[in-house]
>>> print(open('input33.csv').read())   # CSV, C-alpha atoms
chain,number,residue,atom,x,y,z
A,1,MET,CA,27.7,2.6,23.7
A,2,LYS,CA,25.4,3.3,20.7
A,3,GLY,CA,22.7,0.8,19.5
A,4,PRO,CA,21.3,0.4,16.0
A,5,LEU,CA,19.0,3.0,14.5
A,6,PHE,CA,15.2,2.7,14.5
A,7,TYR,CA,13.1,4.9,12.2
A,8,SER,CA,9.9,6.9,12.6
A,9,LYS,CA,6.8,5.8,10.7
A,10,ILE,CA,3.9,7.4,8.9
A,11,LEU,CA,0.5,5.8,8.9
A,12,LEU,CA,-0.7,6.9,5.4
A,13,PHE,CA,-4.2,5.5,5.8
A,14,GLY,CA,-6.1,3.9,8.7
A,15,GLU,CA,-5.9,6.3,11.6
A,16,TYR,CA,-8.9,5.5,13.9
A,17,GLY,CA,-10.3,3.2,11.3
A,18,ILE,CA,-7.9,0.4,12.2
A,19,ILE,CA,-9.4,0.4,15.7
A,20,LYS,CA,-12.6,-0.8,14.0
A,21,ASP,CA,-11.0,-3.1,11.4
A,22,SER,CA,-10.5,-0.8,8.4
A,23,LYS,CA,-7.5,-1.4,6.2
A,24,GLY,CA,-4.4,0.6,7.0
A,25,LEU,CA,-1.0,1.3,5.4
A,26,SER,CA,2.0,2.3,7.4
A,27,ILE,CA,5.4,3.2,5.9
A,28,PRO,CA,8.8,3.8,7.5
A,29,TYR,CA,10.0,7.4,7.4
A,30,ASN,CA,13.8,7.5,7.5
A,31,PHE,CA,14.0,11.2,8.0
A,32,TYR,CA,13.8,10.7,11.8
A,33,ASN,CA,15.4,8.0,13.9
A,34,GLY,CA,16.5,7.0,17.4
A,35,ALA,CA,19.0,4.7,19.1
A,36,LEU,CA,19.9,3.6,22.7
A,37,LYS,CA,23.0,5.3,23.9
A,38,THR,CA,25.1,6.1,27.0
A,39,ASP,CA,27.2,9.2,27.3
A,40,LYS,CA,29.9,10.3,29.8
A,41,ASN,CA,28.3,13.8,30.1
A,42,PRO,CA,24.5,13.4,29.5
A,43,SER,CA,22.4,16.4,28.5
A,44,ASP,CA,19.2,17.3,30.3
A,45,GLU,CA,17.2,15.6,27.6
A,46,ALA,CA,19.2,12.4,28.1
A,47,ILE,CA,18.6,12.5,31.8
A,48,LYS,CA,14.9,12.9,31.3
A,49,SER,CA,14.9,10.0,28.9
A,50,ASN,CA,16.8,7.9,31.3
A,51,ILE,CA,14.3,8.5,34.1
A,52,SER,CA,11.5,7.5,31.7
A,53,LEU,CA,13.5,4.3,30.9
A,54,GLN,CA,13.8,3.4,34.6
A,55,LYS,CA,9.9,3.4,34.8
A,56,PHE,CA,9.6,1.5,31.6
A,57,ALA,CA,12.1,-1.2,32.8
A,58,THR,CA,9.9,-1.6,36.0
A,59,TYR,CA,6.8,-1.9,33.8
A,60,LEU,CA,8.5,-4.5,31.5
A,61,SER,CA,9.6,-6.6,34.5
A,62,LYS,CA,5.9,-7.3,35.2
A,63,VAL,CA,4.9,-8.2,31.6
A,64,ASN,CA,3.5,-11.8,31.3
A,65,GLU,CA,6.4,-14.1,30.5
A,66,ASP,CA,4.2,-16.2,28.3
A,67,LEU,CA,4.2,-13.3,25.9
A,68,VAL,CA,7.8,-12.2,26.0
A,69,VAL,CA,10.8,-12.5,28.3
A,70,PHE,CA,13.4,-9.7,28.7
A,71,GLU,CA,16.9,-9.7,30.2
A,72,ILE,CA,15.5,-7.4,32.9
A,73,GLU,CA,18.7,-7.4,35.1
A,74,LYS,CA,20.8,-6.3,32.1
A,75,LEU,CA,18.3,-3.7,31.1
A,76,LYS,CA,18.1,-2.3,34.7
A,77,GLU,CA,21.9,-2.3,34.9
A,78,ASP,CA,22.3,-0.4,31.6
A,79,VAL,CA,19.6,2.1,32.7
A,80,ASP,CA,21.4,2.6,36.1
A,81,ASN,CA,24.6,3.3,34.0
A,82,GLY,CA,22.7,6.2,32.3
A,83,MET,CA,21.4,4.6,29.1
A,84,TYR,CA,18.8,6.8,27.3
A,85,PHE,CA,17.0,6.9,24.0
A,86,ASP,CA,18.7,9.4,21.7
A,87,SER,CA,16.1,10.4,19.2
A,88,SER,CA,15.4,13.0,16.5
A,89,ILE,CA,11.8,11.9,16.3
A,90,PRO,CA,9.5,14.7,17.5
A,91,GLN,CA,7.2,13.6,20.4
A,92,GLY,CA,3.4,14.1,20.0
A,93,TYR,CA,3.7,14.5,16.2
A,94,GLY,CA,2.1,11.2,15.1
A,95,VAL,CA,5.3,9.8,13.6
A,96,GLY,CA,6.0,7.1,16.2
A,97,SER,CA,8.5,8.4,18.8
A,98,SER,CA,7.5,5.7,21.4
A,99,GLY,CA,7.3,3.1,18.7
A,100,ALA,CA,11.0,3.4,17.8
A,101,LEU,CA,12.0,3.2,21.5
A,102,VAL,CA,9.9,0.1,22.0
A,103,ALA,CA,11.5,-1.5,18.9
A,104,ALA,CA,15.0,-0.6,20.2
A,105,ILE,CA,14.4,-2.2,23.7
A,106,TYR,CA,12.9,-5.3,22.2
A,107,ASP,CA,15.8,-5.7,19.8
A,108,LYS,CA,18.4,-5.4,22.5
A,109,TYR,CA,16.8,-7.1,25.5
A,110,ALA,CA,14.1,-9.6,24.4
A,111,LEU,CA,15.1,-13.3,24.7
A,112,ASN,CA,14.2,-15.7,21.8
A,113,LYS,CA,13.2,-12.6,19.7
A,114,ILE,CA,11.7,-12.8,16.3
A,115,THR,CA,14.2,-11.3,13.9
A,116,VAL,CA,13.8,-9.4,10.6
A,117,LEU,CA,15.9,-12.0,8.9
A,118,GLU,CA,13.6,-15.0,9.4
A,119,ASN,CA,10.6,-15.9,7.3
A,120,LEU,CA,8.0,-13.5,8.7
A,121,THR,CA,4.8,-15.6,8.6
A,122,ARG,CA,1.5,-13.9,9.5
A,123,GLU,CA,1.6,-15.7,12.9
A,124,LYS,CA,5.0,-14.2,13.7
A,125,LEU,CA,3.9,-10.7,12.7
A,126,LEU,CA,0.8,-11.0,14.9
A,127,GLN,CA,2.9,-12.3,17.8
A,128,LEU,CA,5.3,-9.3,17.4
A,129,LYS,CA,2.3,-6.9,17.2
A,130,ALA,CA,0.9,-8.4,20.4
A,131,ILE,CA,4.3,-8.0,22.2
A,132,PHE,CA,4.7,-4.4,20.9
A,133,SER,CA,1.1,-3.6,21.8
A,134,LYS,CA,1.8,-4.6,25.4
A,135,MET,CA,5.1,-2.8,25.6
A,136,GLU,CA,3.8,0.5,24.0
A,137,SER,CA,0.7,0.6,26.2
A,138,PHE,CA,3.1,1.9,28.9
A,139,PHE,CA,3.2,5.2,26.9
A,140,HIS,CA,-0.3,5.5,25.5
A,141,GLY,CA,-2.7,3.5,27.7
A,142,LYS,CA,-3.8,1.5,24.7
A,143,SER,CA,-1.7,0.7,21.7
A,144,SER,CA,-2.2,-1.3,18.5
A,145,GLY,CA,1.5,-2.2,18.4
A,146,LEU,CA,1.8,-1.2,14.8
A,147,ASP,CA,4.2,1.7,15.2
A,148,PRO,CA,6.9,-0.4,16.9
A,149,LEU,CA,6.3,-3.1,14.3
A,150,ASN,CA,6.9,-0.7,11.5
A,151,SER,CA,10.0,0.7,13.2
A,152,TYR,CA,11.4,-2.8,14.0
A,153,LEU,CA,10.9,-4.3,10.6
A,154,SER,CA,11.6,-1.0,8.6
A,155,LEU,CA,9.1,-2.3,6.0
A,156,PRO,CA,5.8,-1.0,4.8
A,157,ILE,CA,3.0,-2.8,6.6
A,158,LEU,CA,-0.4,-3.5,5.2
A,159,ILE,CA,-3.2,-3.9,7.7
A,160,ASN,CA,-6.1,-5.9,6.2
A,161,SER,CA,-7.8,-6.2,9.6
A,162,LYS,CA,-6.9,-6.6,13.3
A,163,ASP,CA,-5.8,-10.2,12.8
A,164,ASN,CA,-4.5,-10.0,9.3
A,165,ILE,CA,-1.3,-7.9,8.7
A,166,GLU,CA,1.5,-8.4,6.2
A,167,ALA,CA,4.7,-6.8,5.1
A,168,THR,CA,4.1,-5.3,1.7
A,169,GLY,CA,5.8,-3.5,-1.2
A,170,ILE,CA,4.7,0.0,-2.3
A,171,PRO,CA,5.0,1.4,-5.8
A,172,THR,CA,8.4,2.9,-6.5
A,173,GLN,CA,8.5,6.7,-6.1
A,174,SER,CA,8.5,8.8,-9.2
A,175,THR,CA,11.4,11.3,-9.2
A,176,SER,CA,9.9,13.4,-12.0
A,177,GLY,CA,6.2,13.3,-10.8
A,178,LYS,CA,4.4,16.4,-9.6
A,179,GLY,CA,2.2,14.6,-7.1
A,180,ALA,CA,3.3,14.1,-3.5
A,181,VAL,CA,2.4,13.1,0.0
A,182,PHE,CA,3.7,15.7,2.5
A,183,LEU,CA,3.8,16.5,6.2
A,184,LEU,CA,2.5,19.9,7.3
A,185,ASP,CA,3.8,21.0,10.7
A,186,SER,CA,1.0,22.3,12.9
A,187,GLY,CA,3.4,23.7,15.4
A,188,ILE,CA,1.4,22.1,18.2
A,189,ILE,CA,2.2,19.0,20.2
A,190,GLY,CA,-0.7,16.5,20.1
A,191,GLU,CA,-1.4,14.0,22.8
A,192,THR,CA,-2.7,10.5,21.7
A,193,ALA,CA,-4.7,9.5,24.8
A,194,PRO,CA,-7.2,12.4,25.0
A,195,MET,CA,-7.9,12.1,21.2
A,196,VAL,CA,-8.5,8.4,21.4
A,197,SER,CA,-10.8,8.9,24.3
A,198,ILE,CA,-12.9,11.5,22.3
A,199,PHE,CA,-13.1,8.9,19.5
A,200,MET,CA,-14.3,6.2,21.9
A,201,GLU,CA,-16.9,8.6,23.4
A,202,SER,CA,-18.2,9.4,19.8
A,203,MET,CA,-18.4,5.6,19.1
A,204,LYS,CA,-21.2,5.4,21.6
A,205,GLN,CA,-23.4,7.3,19.1
A,206,GLU,CA,-25.1,5.3,16.5
A,207,GLY,CA,-24.8,8.0,13.9
A,208,PHE,CA,-21.1,8.2,14.3
A,209,ARG,CA,-20.7,4.4,14.1
A,210,ASN,CA,-22.7,4.4,11.0
A,211,MET,CA,-20.6,7.2,9.4
A,212,LEU,CA,-17.5,5.3,10.3
A,213,LYS,CA,-18.6,2.2,8.5
A,214,THR,CA,-20.4,3.6,5.5
A,215,GLN,CA,-18.0,6.6,4.7
A,216,PHE,CA,-14.8,6.7,6.7
A,217,ILE,CA,-13.8,3.0,6.4
A,218,LYS,CA,-15.1,2.7,2.9
A,219,HIS,CA,-12.9,5.6,1.7
A,220,THR,CA,-9.9,4.5,3.8
A,221,ASP,CA,-10.0,1.0,2.3
A,222,ALA,CA,-10.3,2.4,-1.2
A,223,CYS,CA,-7.3,4.7,-0.6
A,224,VAL,CA,-5.1,1.8,0.5
A,225,GLU,CA,-6.0,-0.3,-2.5
A,226,ASP,CA,-5.5,2.7,-4.9
A,227,PHE,CA,-2.2,3.5,-3.4
A,228,LEU,CA,-0.9,-0.1,-3.6
A,229,LYS,CA,-2.1,-0.5,-7.2
A,230,GLY,CA,-0.7,2.9,-8.2
A,231,ASP,CA,-4.1,4.1,-9.4
A,232,ILE,CA,-3.4,7.8,-8.8
A,233,LYS,CA,-6.6,9.2,-10.3
A,234,SER,CA,-8.8,7.1,-8.1
A,235,LEU,CA,-6.5,7.7,-5.1
A,236,PHE,CA,-7.0,11.4,-5.2
A,237,SER,CA,-10.7,11.1,-5.7
A,238,ASN,CA,-11.0,8.9,-2.6
A,239,THR,CA,-8.5,11.0,-0.6
A,240,LYS,CA,-10.7,14.0,-1.3
A,241,GLN,CA,-13.8,12.2,0.0
A,242,LEU,CA,-11.8,11.0,3.1
A,243,SER,CA,-10.6,14.5,3.8
A,244,LYS,CA,-14.2,15.8,3.6
A,245,VAL,CA,-15.4,13.0,6.0
A,246,VAL,CA,-12.7,13.9,8.5
A,247,LEU,CA,-13.4,17.6,8.4
A,248,ASN,CA,-17.1,17.0,9.0
A,249,ASN,CA,-16.8,14.3,11.7
A,250,PHE,CA,-13.4,14.6,13.4
A,251,LYS,CA,-13.3,18.3,14.1
A,252,PRO,CA,-12.0,17.9,17.7
A,253,MET,CA,-8.9,16.1,16.2
A,254,ILE,CA,-8.1,19.0,13.8
A,255,PRO,CA,-6.5,22.1,15.5
A,256,LEU,CA,-9.0,25.0,15.2
A,257,GLN,CA,-6.7,27.2,13.2
A,258,PHE,CA,-6.5,24.5,10.5
A,259,HIS,CA,-10.2,24.1,9.8
A,260,GLU,CA,-10.2,26.9,7.1
A,261,LEU,CA,-7.0,25.6,5.6
A,262,TRP,CA,-8.5,22.1,5.4
A,263,LYS,CA,-11.6,23.5,3.7
A,264,ASN,CA,-9.6,25.6,1.3
A,265,GLY,CA,-7.8,22.5,0.0
A,266,LEU,CA,-11.1,20.8,-0.7
A,267,GLU,CA,-12.4,23.9,-2.5
A,268,THR,CA,-9.4,24.6,-4.7
A,269,ASN,CA,-8.2,21.0,-5.1
A,270,ASP,CA,-4.6,22.3,-4.6
A,271,TYR,CA,-4.2,19.7,-1.8
A,272,TYR,CA,-6.2,17.4,0.5
A,273,LEU,CA,-5.4,17.2,4.2
A,274,LYS,CA,-5.9,14.2,6.6
A,275,LEU,CA,-5.0,13.3,10.1
A,276,CYS,CA,-1.5,11.9,10.7
A,277,GLY,CA,-1.8,9.6,13.7
A,278,SER,CA,-4.4,10.6,16.3
A,279,GLY,CA,-4.4,14.3,15.4
A,280,GLY,CA,-4.9,17.1,18.0
A,281,GLY,CA,-1.6,18.7,16.7
A,282,GLY,CA,1.7,17.3,15.5
A,283,TYR,CA,1.8,16.7,11.8
A,284,ILE,CA,-1.1,16.9,9.4
A,285,LEU,CA,-0.7,14.7,6.3
A,286,GLY,CA,-1.3,16.2,2.9
A,287,PHE,CA,-1.8,14.8,-0.6
A,288,THR,CA,-1.4,16.9,-3.7
A,289,GLN,CA,-1.3,16.3,-7.5
A,290,ASP,CA,0.9,19.3,-7.9
A,291,ILE,CA,3.4,20.0,-5.1
A,292,LYS,CA,4.4,23.4,-6.5
A,293,LYS,CA,0.7,24.5,-6.3
A,294,ALA,CA,0.4,23.1,-2.7
A,295,GLN,CA,3.6,24.9,-1.6
A,296,GLN,CA,2.2,28.1,-3.0
A,297,SER,CA,-1.1,27.7,-1.3
A,298,LEU,CA,0.6,26.7,2.0
A,299,LYS,CA,3.5,29.1,1.8
A,300,ASP,CA,3.1,30.1,5.4
A,301,TYR,CA,3.7,26.6,6.6
A,302,LYS,CA,6.6,24.2,6.7
A,303,LEU,CA,6.1,21.2,4.4
A,304,GLU,CA,8.2,18.0,4.2
A,305,VAL,CA,7.7,15.8,1.2
A,306,VAL,CA,7.6,12.1,2.2
A,307,TYR,CA,6.6,10.4,-1.1
A,308,ASN,CA,6.5,11.4,-4.7
A,309,PHE,CA,4.0,10.2,-7.3
>>> encode(input="input33.csv", output="structure tokens")
Amino acid sequence: MKGPLFYSKILLFGEYGIIKDSKGLSIPYNFYNGALKTDKNPSDEAIKSNISLQKFATYLSKVNEDLVVFEIEKLKEDVDNGMYFDSSIPQGYGVGSSGALVAAIYDKYALNKITVLENLTREKLLQLKAIFSKMESFFHGKSSGLDPLNSYLSLPILINSKDNIEATGIPTQSTSGKGAVFLLDSGIIGETAPMVSIFMESMKQEGFRNMLKTQFIKHTDACVEDFLKGDIKSLFSNTKQLSKVVLNNFKPMIPLQFHELWKNGLETNDYYLKLCGSGGGGYILGFTQDIKKAQQSLKDYKLEVVYNF
């Protein structure tokens, strides 16, 4: 058995901000994907995934049926027969490994599911987001539901606020452009829950809340609008400001050995770095107006280009 593929995602803008109603923009990233599978001779990884799915199935059997109903018996039977999630999506890297799994389970086992083919009204998107939020909370403690939504629909998603999300189009990539968005591999696995808890702790301070509203959210919203309009000049100016705000106020989320690299980008303008997901490790997201320059400056690191300007 092998189910359909579900892809990873990248939240280009909005990490942390969307918890407090900033805009956000999330795009599917087809480089990584996962699918539900059963094998005659499962690997150790497959066995580990299967054990996790057993616990997940138990969790899903207790989800309020007013929200979503699953074919739990069928799910449990498949899990007992060794089903696992076969995925190339790195875990703890901020590219939505649990989101793709949640999307795959909903797609296969939810009754009366909302499908990608119907007219996706705002109500339907919010309903899907609520279902996915509940499902993914099993992995993170608290989830917005956006990662699975992105993975399930395989469309860019514009977050205007918590209760206002829409599928959107993004400007076509330029094949000849020098500008790029890239992923930089920190080589460290990040964990979402501790990072979110540091953020929630900081939110108790008035100064931090104020910075979030007047600087972080302001620049995040501007970046989303610039990106969607294709205003590259303004986008890079706002991304630089955003990168600066993150370096000054989100230090615990940036692995120590990247503080200098982050600063170097701001000083040379070769590239600007920002968090990819909750930070703490995994991927760091980079923006550059000249990918050759950025590759030169970051020659000791592995870069993956995800979008060309």
>>> closest_atom_pairs(input="input33.csv", of="stretch 45-126 of chain A", to="stretch 130-136 of chain A", cutoff="8 Å", atoms="only C-alpha atoms", output="JSON lines")
{"residue": "A:Leu60", "atom": "CA", "partner": "A:Met135", "partner_atom": "CA", "distance": 7.0}
{"residue": "A:Val63", "atom": "CA", "partner": "A:Lys134", "partner_atom": "CA", "distance": 7.8}
{"residue": "A:Leu67", "atom": "CA", "partner": "A:Ile131", "partner_atom": "CA", "distance": 6.5}
{"residue": "A:Val68", "atom": "CA", "partner": "A:Ile131", "partner_atom": "CA", "distance": 6.7}
{"residue": "A:Ser98", "atom": "CA", "partner": "A:Glu136", "partner_atom": "CA", "distance": 6.9}
{"residue": "A:Gly99", "atom": "CA", "partner": "A:Glu136", "partner_atom": "CA", "distance": 6.9}
{"residue": "A:Val102", "atom": "CA", "partner": "A:Glu136", "partner_atom": "CA", "distance": 6.4}
{"residue": "A:Ala103", "atom": "CA", "partner": "A:Phe132", "partner_atom": "CA", "distance": 7.7}
{"residue": "A:Leu126", "atom": "CA", "partner": "A:Ala130", "partner_atom": "CA", "distance": 6.1}
>>> residues_around(input="input33.csv", residues="stretch 251-261 of chain A", least_positions_apart="5", cutoff="12 Å", atoms="all atoms listed in the file", output="ChimeraX atom specification")
/A:15-16,184-199,201-202,243-246,266-286,294,297-301
>>> residues_around(input="input33.csv", residues="A:Ser43", least_positions_apart="2", cutoff="12 Å", atoms="all atoms listed in the file", output="ChimeraX atom specification")
/A:38-41,45-50,82-86
>>> residues_near_point(input="input33.csv", point="(9.0, 4.8, 13.4)", cutoff="7 Å", atoms="all atoms listed in the file", output="list of chain:residue names")
A:Phe6, A:Tyr7, A:Ser8, A:Lys9, A:Pro28, A:Tyr29, A:Val95, A:Gly96, A:Ser97, A:Gly99, A:Ala100, A:Asp147, A:Pro148, A:Asn150, A:Ser151
>>> residues_around(input="input33.csv", residues="A:Met203", least_positions_apart="3", cutoff="12 Å", atoms="all atoms listed in the file", output="ChimeraX atom specification")
/A:16-17,19-20,196-200,206-213,249-250
>>> atom_distance(input="input33.csv", atom1="atom CA of A:Ser26", atom2="atom CA of A:Asn248")
24.2 Å
>>> closest_residue(input="input33.csv", among="A:Gln173, A:Asn238, A:Asn30, A:Asn64", to="A:Ser88", atoms="all atoms listed in the file")
A:Asn30
>>> atom_distance(input="input33.csv", atom1="atom CA of A:Ile114", atom2="atom CA of A:Ile157")
16.4 Å
>>> residues_around(input="input33.csv", residues="A:Ala180", least_positions_apart="3", cutoff="6 Å", atoms="only C-alpha atoms", output="MDAnalysis selection string")
chainID A and resid 287:288 307:309
>>> residues_around(input="input33.csv", residues="A:Thr168", least_positions_apart="6", cutoff="9 Å", atoms="only C-alpha atoms", output="JSON, numbers by chain")
{"A": [155, 156, 157, 158, 228]}
>>> atom_distance(input="input33.csv", atom1="atom CA of A:Lys2", atom2="atom CA of A:Val306")
27.1 Å
>>> closest_residue(input="input33.csv", among="A:Ile10, A:Leu153, A:Gln215, A:Leu125", to="A:Leu25", atoms="all atoms listed in the file")
A:Ile10
>>> axis_aligned_box(input="input33.csv", around="stretch 178-187 of chain A", padding_each_side="3 Å", output="JSON")
{"center_x": 2.7, "center_y": 18.4, "center_z": 2.9, "size_x": 9.4, "size_y": 16.6, "size_z": 31.0}
>>> closest_residue(input="input33.csv", among="A:Phe56, A:Tyr93, A:Asp107, A:Val69", to="A:Ala35", atoms="all atoms listed in the file")
A:Asp107
>>> decode(input="input33.csv", residues="stretch 283-293 of chain A", atoms="all heavy atoms", output="PDB file, in the first residue's frame")
ATOM      1  N   TYR A 283      16.107  24.718   9.823  1.00  0.00           N
ATOM      2  CA  TYR A 283      16.493  25.635   8.757  1.00  0.00           C
ATOM      3  C   TYR A 283      16.387  27.085   9.216  1.00  0.00           C
ATOM      4  O   TYR A 283      15.573  27.422  10.070  1.00  0.00           O
ATOM      5  CB  TYR A 283      15.583  25.470   7.536  1.00  0.00           C
ATOM      6  CG  TYR A 283      15.887  24.250   6.721  1.00  0.00           C
ATOM      7  CD1 TYR A 283      14.928  23.259   6.549  1.00  0.00           C
ATOM      8  CD2 TYR A 283      17.133  24.084   6.109  1.00  0.00           C
ATOM      9  CE1 TYR A 283      15.204  22.121   5.784  1.00  0.00           C
ATOM     10  CE2 TYR A 283      17.416  22.964   5.353  1.00  0.00           C
ATOM     11  CZ  TYR A 283      16.448  21.985   5.198  1.00  0.00           C
ATOM     12  OH  TYR A 283      16.732  20.876   4.449  1.00  0.00           O
ATOM     13  N   ILE A 284      17.231  27.923   8.609  1.00  0.00           N
ATOM     14  CA  ILE A 284      17.105  29.370   8.754  1.00  0.00           C
ATOM     15  C   ILE A 284      16.748  29.850   7.348  1.00  0.00           C
ATOM     16  O   ILE A 284      17.267  29.327   6.356  1.00  0.00           O
ATOM     17  CB  ILE A 284      18.435  29.984   9.241  1.00  0.00           C
ATOM     18  CG1 ILE A 284      18.708  29.522  10.691  1.00  0.00           C
ATOM     19  CG2 ILE A 284      18.408  31.506   9.158  1.00  0.00           C
ATOM     20  CD1 ILE A 284      20.113  29.826  11.182  1.00  0.00           C
ATOM     21  N   LEU A 285      15.851  30.816   7.261  1.00  0.00           N
ATOM     22  CA  LEU A 285      15.410  31.292   5.956  1.00  0.00           C
ATOM     23  C   LEU A 285      16.258  32.493   5.555  1.00  0.00           C
ATOM     24  O   LEU A 285      16.520  33.360   6.383  1.00  0.00           O
ATOM     25  CB  LEU A 285      13.931  31.687   6.079  1.00  0.00           C
ATOM     26  CG  LEU A 285      13.050  31.707   4.841  1.00  0.00           C
ATOM     27  CD1 LEU A 285      13.114  30.396   4.071  1.00  0.00           C
ATOM     28  CD2 LEU A 285      11.602  31.972   5.245  1.00  0.00           C
ATOM     29  N   GLY A 286      16.691  32.533   4.304  1.00  0.00           N
ATOM     30  CA  GLY A 286      17.507  33.647   3.838  1.00  0.00           C
ATOM     31  C   GLY A 286      16.897  34.327   2.629  1.00  0.00           C
ATOM     32  O   GLY A 286      16.225  33.690   1.818  1.00  0.00           O
ATOM     33  N   PHE A 287      17.123  35.632   2.533  1.00  0.00           N
ATOM     34  CA  PHE A 287      16.663  36.417   1.373  1.00  0.00           C
ATOM     35  C   PHE A 287      17.886  37.136   0.815  1.00  0.00           C
ATOM     36  O   PHE A 287      18.652  37.714   1.578  1.00  0.00           O
ATOM     37  CB  PHE A 287      15.629  37.459   1.812  1.00  0.00           C
ATOM     38  CG  PHE A 287      14.283  36.869   2.119  1.00  0.00           C
ATOM     39  CD1 PHE A 287      14.081  36.126   3.276  1.00  0.00           C
ATOM     40  CD2 PHE A 287      13.211  37.041   1.252  1.00  0.00           C
ATOM     41  CE1 PHE A 287      12.840  35.560   3.557  1.00  0.00           C
ATOM     42  CE2 PHE A 287      11.972  36.481   1.533  1.00  0.00           C
ATOM     43  CZ  PHE A 287      11.777  35.747   2.677  1.00  0.00           C
ATOM     44  N   THR A 288      18.050  37.080  -0.490  1.00  0.00           N
ATOM     45  CA  THR A 288      19.191  37.785  -1.078  1.00  0.00           C
ATOM     46  C   THR A 288      18.811  38.386  -2.430  1.00  0.00           C
ATOM     47  O   THR A 288      17.971  37.848  -3.136  1.00  0.00           O
ATOM     48  CB  THR A 288      20.404  36.832  -1.275  1.00  0.00           C
ATOM     49  OG1 THR A 288      21.463  37.561  -1.902  1.00  0.00           O
ATOM     50  CG2 THR A 288      20.064  35.628  -2.150  1.00  0.00           C
ATOM     51  N   GLN A 289      19.457  39.521  -2.763  1.00  0.00           N
ATOM     52  CA  GLN A 289      19.224  40.130  -4.073  1.00  0.00           C
ATOM     53  C   GLN A 289      20.223  39.589  -5.091  1.00  0.00           C
ATOM     54  O   GLN A 289      20.114  39.846  -6.273  1.00  0.00           O
ATOM     55  CB  GLN A 289      19.352  41.656  -3.965  1.00  0.00           C
ATOM     56  CG  GLN A 289      18.314  42.212  -3.003  1.00  0.00           C
ATOM     57  CD  GLN A 289      18.181  43.716  -3.117  1.00  0.00           C
ATOM     58  OE1 GLN A 289      17.778  44.239  -4.156  1.00  0.00           O
ATOM     59  NE2 GLN A 289      18.509  44.427  -2.059  1.00  0.00           N
ATOM     60  N   ASP A 290      21.215  38.837  -4.578  1.00  0.00           N
ATOM     61  CA  ASP A 290      22.234  38.270  -5.467  1.00  0.00           C
ATOM     62  C   ASP A 290      22.679  36.924  -4.901  1.00  0.00           C
ATOM     63  O   ASP A 290      23.521  36.859  -4.007  1.00  0.00           O
ATOM     64  CB  ASP A 290      23.416  39.236  -5.570  1.00  0.00           C
ATOM     65  CG  ASP A 290      24.432  38.781  -6.605  1.00  0.00           C
ATOM     66  OD1 ASP A 290      24.452  37.579  -6.935  1.00  0.00           O
ATOM     67  OD2 ASP A 290      25.206  39.637  -7.086  1.00  0.00           O
ATOM     68  N   ILE A 291      22.094  35.845  -5.430  1.00  0.00           N
ATOM     69  CA  ILE A 291      22.340  34.520  -4.859  1.00  0.00           C
ATOM     70  C   ILE A 291      23.814  34.120  -4.945  1.00  0.00           C
ATOM     71  O   ILE A 291      24.350  33.465  -4.056  1.00  0.00           O
ATOM     72  CB  ILE A 291      21.403  33.441  -5.486  1.00  0.00           C
ATOM     73  CG1 ILE A 291      21.517  32.092  -4.759  1.00  0.00           C
ATOM     74  CG2 ILE A 291      21.606  33.297  -6.969  1.00  0.00           C
ATOM     75  CD1 ILE A 291      21.061  32.074  -3.319  1.00  0.00           C
ATOM     76  N   LYS A 292      24.506  34.575  -6.014  1.00  0.00           N
ATOM     77  CA  LYS A 292      25.943  34.229  -6.139  1.00  0.00           C
ATOM     78  C   LYS A 292      26.743  34.832  -4.976  1.00  0.00           C
ATOM     79  O   LYS A 292      27.606  34.188  -4.380  1.00  0.00           O
ATOM     80  CB  LYS A 292      26.502  34.747  -7.472  1.00  0.00           C
ATOM     81  CG  LYS A 292      25.954  34.027  -8.703  1.00  0.00           C
ATOM     82  CD  LYS A 292      27.028  33.140  -9.315  1.00  0.00           C
ATOM     83  CE  LYS A 292      26.681  32.480 -10.622  1.00  0.00           C
ATOM     84  NZ  LYS A 292      25.305  32.083 -10.852  1.00  0.00           N
ATOM     85  N   LYS A 293      26.415  36.090  -4.654  1.00  0.00           N
ATOM     86  CA  LYS A 293      27.084  36.776  -3.535  1.00  0.00           C
ATOM     87  C   LYS A 293      26.796  36.044  -2.222  1.00  0.00           C
ATOM     88  O   LYS A 293      27.689  35.838  -1.394  1.00  0.00           O
ATOM     89  CB  LYS A 293      26.549  38.207  -3.427  1.00  0.00           C
ATOM     90  CG  LYS A 293      27.580  39.265  -3.724  1.00  0.00           C
ATOM     91  CD  LYS A 293      27.024  40.640  -3.376  1.00  0.00           C
ATOM     92  CE  LYS A 293      27.760  41.722  -4.146  1.00  0.00           C
ATOM     93  NZ  LYS A 293      27.072  42.980  -4.119  1.00  0.00           N
TER      94      LYS A 293
END
